[in-house]
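Asks: Can you keep this structure in mind? I'll have questions shortly.
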Amino acid sequence: MAFFTHRFLRSMSSTNSLAIKHITVIGGGLMGAGIAQVAAATGHSVILVDQAEDILKKSLKKIGDSVGRISKKKFIDKPEAGAEFVQQTLQKISTSTDPASAVGNTDLVVEAIVENVNVKQELFKKLDQCAPESTIFASNTSSLSIGEMASATTRLDRFGGLHFFNPVPLMKLVEVIQTPETSQQTFEALMNFTKALGKKPVACKDTPGFIVNRLLVPYMLEAVRLHERGHGSKEDIDVAMKLGAGYPMGPFELLDYVGLDTSKFIIDGWHKMDPDNPLFAPSALLNKLVDEGKLGKKTGEGFYKYS
């Protein structure tokens, strides 16, 4: 009863109360740093949170380098304007190793930590006790259930998904996920925030893989199974999909780029959830490569070798 009372009171507030000006990004890795960068570059105040100062220093270095590259292209004939853009963007970002204090006065929390639902639930449960009631929570998960994460909090109506794509500063798409409990105000606030970042949002329901990964991961795994059956070499399959379907990368190239461990994690989770679905069937070859530590470009070898 208390939840519905809070939800009613929240729904009576004005749309302006959900305008997102300040965000807290939890996780200073590749995705978290990218989200912090695009938010700061579009005038939002950002707190980037991670467990250690050395991680945050590396994150800020990556952000600075990335903003510098973008400014050179954006202000090719105006170096002074480019330098000002870099300075203003970096001034919008502060860091913290204390997530509880970092969410104390923020409009939006974006989580971008390890893809483990239990770890995410524990984080959101703690943050729920520290953030203002009006604060929206969002996860950048690529495949996990938003509703399952939200269940660890008392703000089911103020919880959604914001799935950015790598590299965040360059990729225009953001999947905005609405659970059955996400209020329309919250969903619209997340959509408007995404647009304010200069991104293109697409509305998604809280289903496995949302839109992109729900189509992409089974496609990549079917390519592996095709190869496993001896029906095509990985090289020919990649060439066929690039030249025949117009894809910029073949499925094996894409698997190596994404990370074989990431794809295995996703498909294993879906298989556990729906073991009778043939699209979610595991791959022996993929499992073998992951067990051998051959995870793709990040380790120097996956389906292909990288020098």
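Residue numbering restarts at 1 for every chain of the structure tokens, chains are lettered A, B, ... in their displayed order, and ligands are numbered from 1 as they appear.
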List every residue of region 183-214 of chain A that DSSP, applied to the backbone of this structure, places in helix (DSSP H, G or I), and write the result as a list in words.

Replies: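 Selecting the helix (DSSP H, G or I) positions of region 183-214 of chain A gives Gln184, Gln185, Thr186, Phe187, Glu188, Ala189, Leu190, Met191, Asn192, Phe193, Thr194, Lys195, Ala196, Val212, Asn213 and Arg214 of chain A.
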
Asks: Keeping only C-alpha atoms, write the selected residues as a short mmCIF file (atom, residue, chain, number, x, y, z; two decimals), in the first residue's frame.

Replies:
```
data_model
loop_
_atom_site.label_atom_id
_atom_site.label_comp_id
_atom_site.auth_asym_id
_atom_site.auth_seq_id
_atom_site.Cartn_x
_atom_site.Cartn_y
_atom_site.Cartn_z
CA GLN A 184 5.47 7.11 -17.59
CA GLN A 185 7.07 10.23 -16.09
CA THR A 186 10.26 8.33 -15.34
CA PHE A 187 10.32 6.80 -18.80
CA GLU A 188 9.82 10.20 -20.46
CA ALA A 189 12.53 11.72 -18.26
CA LEU A 190 14.97 9.03 -19.38
CA MET A 191 13.99 9.51 -23.02
CA ASN A 192 14.45 13.28 -22.75
CA PHE A 193 17.79 12.85 -20.99
CA THR A 194 18.99 10.57 -23.77
CA LYS A 195 17.98 13.12 -26.39
CA ALA A 196 19.75 15.87 -24.41
CA VAL A 212 19.73 -5.16 -30.20
CA ASN A 213 21.21 -8.02 -28.21
CA ARG A 214 18.03 -10.09 -28.46
#
```

Asks: Quick one: everything within 9 Å of Pro282 (chain A), counting only C-alpha atoms, minus sequence neighbours fewer than 4 positions away in the same chain. Send it as an mmCIF file with all heavy atoms, in the first residue's frame.

Replies:
```cif
data_model
loop_
_atom_site.group_PDB
_atom_site.id
_atom_site.type_symbol
_atom_site.label_atom_id
_atom_site.label_comp_id
_atom_site.auth_asym_id
_atom_site.auth_seq_id
_atom_site.Cartn_x
_atom_site.Cartn_y
_atom_site.Cartn_z
ATOM 1 N N LEU A 221 25.676 -16.463 -32.340
ATOM 2 C CA LEU A 221 25.809 -17.856 -31.899
ATOM 3 C C LEU A 221 25.423 -18.834 -33.003
ATOM 4 O O LEU A 221 26.014 -19.910 -33.113
ATOM 5 C CB LEU A 221 24.953 -18.079 -30.651
ATOM 6 C CG LEU A 221 25.671 -17.961 -29.307
ATOM 7 C CD1 LEU A 221 26.679 -19.090 -29.119
ATOM 8 C CD2 LEU A 221 26.380 -16.609 -29.156
ATOM 9 N N LYS A 264 29.294 -15.244 -24.053
ATOM 10 C CA LYS A 264 29.020 -16.486 -23.328
ATOM 11 C C LYS A 264 28.176 -16.202 -22.084
ATOM 12 O O LYS A 264 27.228 -16.941 -21.780
ATOM 13 C CB LYS A 264 30.328 -17.171 -22.920
ATOM 14 C CG LYS A 264 30.137 -18.380 -21.994
ATOM 15 C CD LYS A 264 31.451 -19.053 -21.679
ATOM 16 C CE LYS A 264 31.346 -19.951 -20.446
ATOM 17 N NZ LYS A 264 30.248 -20.920 -20.516
ATOM 18 N N ILE A 267 24.518 -15.561 -23.243
ATOM 19 C CA ILE A 267 23.799 -16.732 -23.730
ATOM 20 C C ILE A 267 23.599 -17.754 -22.622
ATOM 21 O O ILE A 267 22.563 -18.442 -22.571
ATOM 22 C CB ILE A 267 24.519 -17.355 -24.955
ATOM 23 C CG1 ILE A 267 23.505 -18.094 -25.841
ATOM 24 C CG2 ILE A 267 25.643 -18.257 -24.546
ATOM 25 C CD1 ILE A 267 22.529 -17.210 -26.557
ATOM 26 N N ASP A 268 24.555 -17.881 -21.704
ATOM 27 C CA ASP A 268 24.393 -18.803 -20.573
ATOM 28 C C ASP A 268 23.229 -18.374 -19.682
ATOM 29 O O ASP A 268 22.459 -19.209 -19.203
ATOM 30 C CB ASP A 268 25.683 -18.863 -19.750
ATOM 31 C CG ASP A 268 26.777 -19.676 -20.428
ATOM 32 O OD1 ASP A 268 26.493 -20.317 -21.457
ATOM 33 O OD2 ASP A 268 27.920 -19.658 -19.928
ATOM 34 N N HIS A 271 20.006 -19.143 -21.513
ATOM 35 C CA HIS A 271 19.779 -20.591 -21.555
ATOM 36 C C HIS A 271 19.262 -21.095 -20.207
ATOM 37 O O HIS A 271 18.370 -21.962 -20.162
ATOM 38 C CB HIS A 271 21.074 -21.302 -21.919
ATOM 39 C CG HIS A 271 20.952 -22.791 -21.975
ATOM 40 N ND1 HIS A 271 20.191 -23.454 -22.902
ATOM 41 C CD2 HIS A 271 21.497 -23.761 -21.177
ATOM 42 C CE1 HIS A 271 20.262 -24.756 -22.700
ATOM 43 N NE2 HIS A 271 21.048 -24.961 -21.654
ATOM 44 N N PRO A 278 15.948 -23.073 -28.608
ATOM 45 C CA PRO A 278 17.165 -23.421 -29.370
ATOM 46 C C PRO A 278 18.042 -22.209 -29.685
ATOM 47 O O PRO A 278 19.243 -22.362 -29.900
ATOM 48 C CB PRO A 278 16.603 -24.053 -30.648
ATOM 49 C CG PRO A 278 15.211 -23.523 -30.782
ATOM 50 C CD PRO A 278 14.723 -23.370 -29.369
ATOM 51 N N LEU A 286 32.607 -21.934 -28.405
ATOM 52 C CA LEU A 286 32.696 -20.685 -27.655
ATOM 53 C C LEU A 286 33.147 -20.965 -26.225
ATOM 54 O O LEU A 286 34.029 -20.272 -25.690
ATOM 55 C CB LEU A 286 31.342 -19.972 -27.652
ATOM 56 C CG LEU A 286 31.277 -18.648 -26.887
ATOM 57 C CD1 LEU A 286 32.167 -17.603 -27.529
ATOM 58 C CD2 LEU A 286 29.839 -18.141 -26.821
ATOM 59 N N ASN A 287 32.584 -21.983 -25.595
ATOM 60 C CA ASN A 287 32.961 -22.338 -24.228
ATOM 61 C C ASN A 287 34.444 -22.711 -24.150
ATOM 62 O O ASN A 287 35.139 -22.338 -23.198
ATOM 63 C CB ASN A 287 32.106 -23.501 -23.726
ATOM 64 C CG ASN A 287 30.647 -23.101 -23.511
ATOM 65 O OD1 ASN A 287 30.332 -21.913 -23.451
ATOM 66 N ND2 ASN A 287 29.772 -24.080 -23.396
#
```

Asks: Going by DSSP on the backbone, which bits of region 70-124 of chain A are strand (DSSP E)? Write them as a compact mmCIF listing (two decimals) with C-alpha atoms, in the first residue's frame, please.

Replies:
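Written file, result-v1.txt:
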```
# COMPACT_ATOMS: atom_id res chain seq x y z
CA ILE A 93 33.09 15.93 -13.85
CA SER A 94 34.03 15.23 -10.25
CA THR A 95 34.97 11.85 -8.79
CA SER A 96 34.27 9.91 -5.62
CA LEU A 108 19.84 10.27 -11.89
CA VAL A 109 22.02 7.32 -10.94
CA VAL A 110 23.41 5.30 -13.86
CA GLU A 111 24.99 1.98 -12.88
```

Asks: I need the residue nearest Lys92 (chain A) from this list: A:Thr24, A:Glu122, A:Ser145, A:Asp157. Use only C-alpha atoms for the distance.

Replies: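 Using only C-alpha atoms, the shortest distance to Lys92 (chain A) belongs to A:Thr24.
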
Asks: Rank nothing, just name the residue among A:Leu156, A:Val224, A:Leu243, A:Ile266 nearest to Leu144 (chain A), using only C-alpha atoms.

Replies: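 Closest candidate: A:Ile266.
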
Asks: May I ask for the distance between CA of Leu60 (chain A) and CA of Ile35 (chain A), given in Å to one decimal place?

Replies: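 Rounded to one decimal, the two atoms are 12.1 Å apart.
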
Asks: Give me the residues within 6 Å of region 36-45 of chain A as a compact mmCIF listing (two decimals) with all heavy atoms, in the first residue's frame, counting only C-alpha atoms and dropping any in the same chain fewer than 5 places off.

Replies:
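Once everything was written out, this is selection-v3.txt:
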```txt
# COMPACT_ATOMS: atom_id res chain seq x y z
N LYS A 21 19.52 17.16 -14.47
CA LYS A 21 20.64 18.09 -14.61
C LYS A 21 21.93 17.53 -14.01
O LYS A 21 23.01 17.85 -14.48
CB LYS A 21 20.30 19.42 -13.92
CG LYS A 21 19.06 20.12 -14.45
CD LYS A 21 19.23 20.54 -15.90
CE LYS A 21 18.02 21.31 -16.40
NZ LYS A 21 18.15 21.68 -17.83
N HIS A 22 21.78 16.71 -12.99
CA HIS A 22 22.93 16.16 -12.28
C HIS A 22 22.84 14.64 -12.29
O HIS A 22 21.80 14.08 -11.94
CB HIS A 22 22.96 16.67 -10.84
CG HIS A 22 24.17 16.24 -10.07
ND1 HIS A 22 24.37 14.95 -9.64
CD2 HIS A 22 25.25 16.95 -9.65
CE1 HIS A 22 25.51 14.88 -8.99
NE2 HIS A 22 26.06 16.08 -8.98
N THR A 89 34.07 20.69 -20.37
CA THR A 89 33.61 19.31 -20.19
C THR A 89 34.24 18.68 -18.95
O THR A 89 33.53 18.11 -18.11
CB THR A 89 33.94 18.46 -21.43
OG1 THR A 89 33.27 19.00 -22.57
CG2 THR A 89 33.52 17.01 -21.23
N LYS A 92 33.01 19.74 -15.54
CA LYS A 92 31.69 19.23 -15.16
C LYS A 92 31.76 17.88 -14.44
O LYS A 92 30.76 17.40 -13.93
CB LYS A 92 30.82 19.09 -16.41
CG LYS A 92 30.25 20.39 -16.96
CD LYS A 92 29.14 20.91 -16.06
CE LYS A 92 28.46 22.13 -16.65
NZ LYS A 92 27.34 22.60 -15.78
N PRO A 169 30.90 7.68 -26.68
CA PRO A 169 30.92 9.00 -27.32
C PRO A 169 30.56 8.97 -28.80
O PRO A 169 30.12 9.99 -29.34
CB PRO A 169 32.37 9.46 -27.11
CG PRO A 169 32.84 8.71 -25.92
CD PRO A 169 32.20 7.36 -26.03
N LEU A 197 21.56 14.26 -24.54
CA LEU A 197 22.94 13.83 -24.75
C LEU A 197 23.32 13.81 -26.23
O LEU A 197 24.47 13.54 -26.57
CB LEU A 197 23.16 12.42 -24.18
CG LEU A 197 22.94 12.22 -22.68
CD1 LEU A 197 23.23 10.76 -22.30
CD2 LEU A 197 23.79 13.17 -21.86
```

Asks: Which is closest to Leu254 (chain A) among A:Lys78, A:Lys288, A:His163, A:Lys297, if we use only C-alpha atoms?

Replies: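 Using only C-alpha atoms, the shortest distance to Leu254 (chain A) belongs to A:Lys297.
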
Asks: Counting only C-alpha atoms, which of A:Gly34, A:Glu253, A:Phe303, A:Cys130 gets nearest to Phe164 (chain A)?

Replies: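 Of A:Gly34, A:Glu253, A:Phe303, A:Cys130, the one nearest Phe164 (chain A), counting only C-alpha atoms, is A:Gly34.
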
Asks: Write out as a list of chain:residue names the residues lying within 12 Å of Gly82 (chain A), counting only C-alpha atoms and excluding same-chain residues fewer than 2 positions away.

Replies: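 These residues fall inside the cut-off: A:Ala41, A:Val67, A:Gly68, A:Arg69, A:Ile70, A:Ser71, A:Lys72, A:Lys73, A:Lys74, A:Phe75, A:Ile76, A:Asp77, A:Lys78, A:Pro79, A:Glu80, A:Glu84, A:Phe85, A:Val86, A:Gln87, A:Gln88, A:Thr89.
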
Asks: Just write the chosen residues, N, CA and C atoms, as a PDB file, in the first residue's frame.

Replies:
```pdb
ATOM      1  N   ALA A  41      29.796  16.645 -21.493  1.00  0.00           N
ATOM      2  CA  ALA A  41      29.952  17.413 -22.734  1.00  0.00           C
ATOM      3  C   ALA A  41      28.668  18.119 -23.145  1.00  0.00           C
ATOM      4  N   VAL A  67      37.842  13.443 -25.206  1.00  0.00           N
ATOM      5  CA  VAL A  67      37.295  14.784 -25.450  1.00  0.00           C
ATOM      6  C   VAL A  67      38.246  15.592 -26.317  1.00  0.00           C
ATOM      7  N   GLY A  68      39.542  15.416 -26.104  1.00  0.00           N
ATOM      8  CA  GLY A  68      40.525  16.127 -26.914  1.00  0.00           C
ATOM      9  C   GLY A  68      40.441  15.750 -28.379  1.00  0.00           C
ATOM     10  N   ARG A  69      40.281  14.446 -28.640  1.00  0.00           N
ATOM     11  CA  ARG A  69      40.164  14.000 -30.037  1.00  0.00           C
ATOM     12  C   ARG A  69      38.891  14.556 -30.683  1.00  0.00           C
ATOM     13  N   ILE A  70      37.809  14.539 -29.926  1.00  0.00           N
ATOM     14  CA  ILE A  70      36.539  15.034 -30.453  1.00  0.00           C
ATOM     15  C   ILE A  70      36.617  16.536 -30.727  1.00  0.00           C
ATOM     16  N   SER A  71      37.260  17.277 -29.828  1.00  0.00           N
ATOM     17  CA  SER A  71      37.345  18.734 -29.987  1.00  0.00           C
ATOM     18  C   SER A  71      38.143  19.118 -31.235  1.00  0.00           C
ATOM     19  N   LYS A  72      39.176  18.332 -31.553  1.00  0.00           N
ATOM     20  CA  LYS A  72      39.981  18.629 -32.738  1.00  0.00           C
ATOM     21  C   LYS A  72      39.161  18.474 -34.015  1.00  0.00           C
ATOM     22  N   LYS A  73      38.232  17.524 -34.011  1.00  0.00           N
ATOM     23  CA  LYS A  73      37.374  17.327 -35.185  1.00  0.00           C
ATOM     24  C   LYS A  73      36.216  18.330 -35.197  1.00  0.00           C
ATOM     25  N   LYS A  74      35.685  18.587 -34.018  1.00  0.00           N
ATOM     26  CA  LYS A  74      34.515  19.471 -33.921  1.00  0.00           C
ATOM     27  C   LYS A  74      34.884  20.931 -34.147  1.00  0.00           C
ATOM     28  N   PHE A  75      36.082  21.321 -33.698  1.00  0.00           N
ATOM     29  CA  PHE A  75      36.522  22.713 -33.808  1.00  0.00           C
ATOM     30  C   PHE A  75      37.819  22.769 -34.625  1.00  0.00           C
ATOM     31  N   ILE A  76      37.773  22.171 -35.802  1.00  0.00           N
ATOM     32  CA  ILE A  76      38.983  22.006 -36.611  1.00  0.00           C
ATOM     33  C   ILE A  76      39.646  23.336 -36.964  1.00  0.00           C
ATOM     34  N   ASP A  77      38.840  24.376 -37.153  1.00  0.00           N
ATOM     35  CA  ASP A  77      39.396  25.688 -37.507  1.00  0.00           C
ATOM     36  C   ASP A  77      39.351  26.670 -36.340  1.00  0.00           C
ATOM     37  N   LYS A  78      38.955  26.185 -35.159  1.00  0.00           N
ATOM     38  CA  LYS A  78      38.836  27.060 -33.989  1.00  0.00           C
ATOM     39  C   LYS A  78      39.493  26.396 -32.781  1.00  0.00           C
ATOM     40  N   PRO A  79      40.804  26.336 -32.739  1.00  0.00           N
ATOM     41  CA  PRO A  79      41.498  25.643 -31.643  1.00  0.00           C
ATOM     42  C   PRO A  79      41.192  26.213 -30.263  1.00  0.00           C
ATOM     43  N   GLU A  80      40.974  27.539 -30.181  1.00  0.00           N
ATOM     44  CA  GLU A  80      40.658  28.136 -28.881  1.00  0.00           C
ATOM     45  C   GLU A  80      39.300  27.650 -28.381  1.00  0.00           C
ATOM     46  N   GLU A  84      38.484  25.361 -25.031  1.00  0.00           N
ATOM     47  CA  GLU A  84      37.449  25.752 -24.068  1.00  0.00           C
ATOM     48  C   GLU A  84      36.432  24.627 -23.872  1.00  0.00           C
ATOM     49  N   PHE A  85      36.096  23.947 -24.960  1.00  0.00           N
ATOM     50  CA  PHE A  85      35.171  22.819 -24.886  1.00  0.00           C
ATOM     51  C   PHE A  85      35.732  21.708 -23.994  1.00  0.00           C
ATOM     52  N   VAL A  86      36.996  21.397 -24.162  1.00  0.00           N
ATOM     53  CA  VAL A  86      37.641  20.367 -23.334  1.00  0.00           C
ATOM     54  C   VAL A  86      37.620  20.778 -21.871  1.00  0.00           C
ATOM     55  N   GLN A  87      37.999  22.043 -21.618  1.00  0.00           N
ATOM     56  CA  GLN A  87      38.050  22.533 -20.238  1.00  0.00           C
ATOM     57  C   GLN A  87      36.678  22.503 -19.579  1.00  0.00           C
ATOM     58  N   GLN A  88      35.651  22.972 -20.281  1.00  0.00           N
ATOM     59  CA  GLN A  88      34.310  23.013 -19.716  1.00  0.00           C
ATOM     60  C   GLN A  88      33.763  21.611 -19.464  1.00  0.00           C
ATOM     61  N   THR A  89      34.071  20.687 -20.366  1.00  0.00           N
ATOM     62  CA  THR A  89      33.605  19.311 -20.191  1.00  0.00           C
ATOM     63  C   THR A  89      34.237  18.681 -18.954  1.00  0.00           C
TER      64      THR A  89
END
```

Asks: Using only C-alpha atoms, pick whichever of A:Leu48, A:Met241, A:Ile211, A:Val290 has the shortest atom-to-atom distance to Ala223 (chain A).

Replies: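 For Ala223 (chain A), the nearest of the given residues is A:Met241.
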
Asks: I want to know what sits within 7 Å of Phe252 (chain A), based on only C-alpha atoms, with residues of the same chain fewer than 4 positions away left out; could you give that as a PyMOL selection string?

Replies: chain A and resi 234+238+256+303

Asks: So that I have them on file, write out the residues from the current selection with N, CA, C and O atoms, as a PDB file, in the first residue's frame.

Replies:
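Written file, result_25.pdb:
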```pdb
ATOM      1  N   LYS A 234      34.976 -19.738 -40.665  1.00  0.00           N
ATOM      2  CA  LYS A 234      34.670 -18.455 -40.037  1.00  0.00           C
ATOM      3  C   LYS A 234      34.994 -17.300 -40.980  1.00  0.00           C
ATOM      4  O   LYS A 234      34.283 -16.285 -41.003  1.00  0.00           O
ATOM      5  N   ASP A 238      32.150 -14.645 -42.331  1.00  0.00           N
ATOM      6  CA  ASP A 238      32.319 -13.203 -42.126  1.00  0.00           C
ATOM      7  C   ASP A 238      32.218 -12.442 -43.450  1.00  0.00           C
ATOM      8  O   ASP A 238      31.524 -11.411 -43.546  1.00  0.00           O
ATOM      9  N   ASP A 256      34.673 -11.307 -31.484  1.00  0.00           N
ATOM     10  CA  ASP A 256      35.990 -10.957 -30.964  1.00  0.00           C
ATOM     11  C   ASP A 256      36.023  -9.527 -30.444  1.00  0.00           C
ATOM     12  O   ASP A 256      36.701  -9.222 -29.454  1.00  0.00           O
ATOM     13  N   PHE A 303      38.461 -15.885 -31.950  1.00  0.00           N
ATOM     14  CA  PHE A 303      38.316 -16.672 -33.176  1.00  0.00           C
ATOM     15  C   PHE A 303      39.447 -16.356 -34.143  1.00  0.00           C
ATOM     16  O   PHE A 303      39.837 -17.180 -34.957  1.00  0.00           O
TER      17      PHE A 303
END
```

Asks: Do a neighbour search on Gly259 (chain A) at 6 Å with only C-alpha atoms, toss out local chain neighbours closer than 4 positions, and write the hits as a list in words.

Replies: Leu255, Leu295 and Gly296 of chain A

Asks: Would you mind telling me which residue in A:Cys204, A:Ile177, A:Ala81, A:Ile55 lies nearest to Thr97 (chain A) when using only C-alpha atoms?

Replies: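 Closest to Thr97 (chain A) of all the choices is A:Ile55.
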
Asks: For a test of reading the model, state the distance in Å between CA of Gly230 (chain A) and CA of Leu285 (chain A), rounded to one decimal.

Replies: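 That distance, rounded to one decimal, is 12.3 Å.
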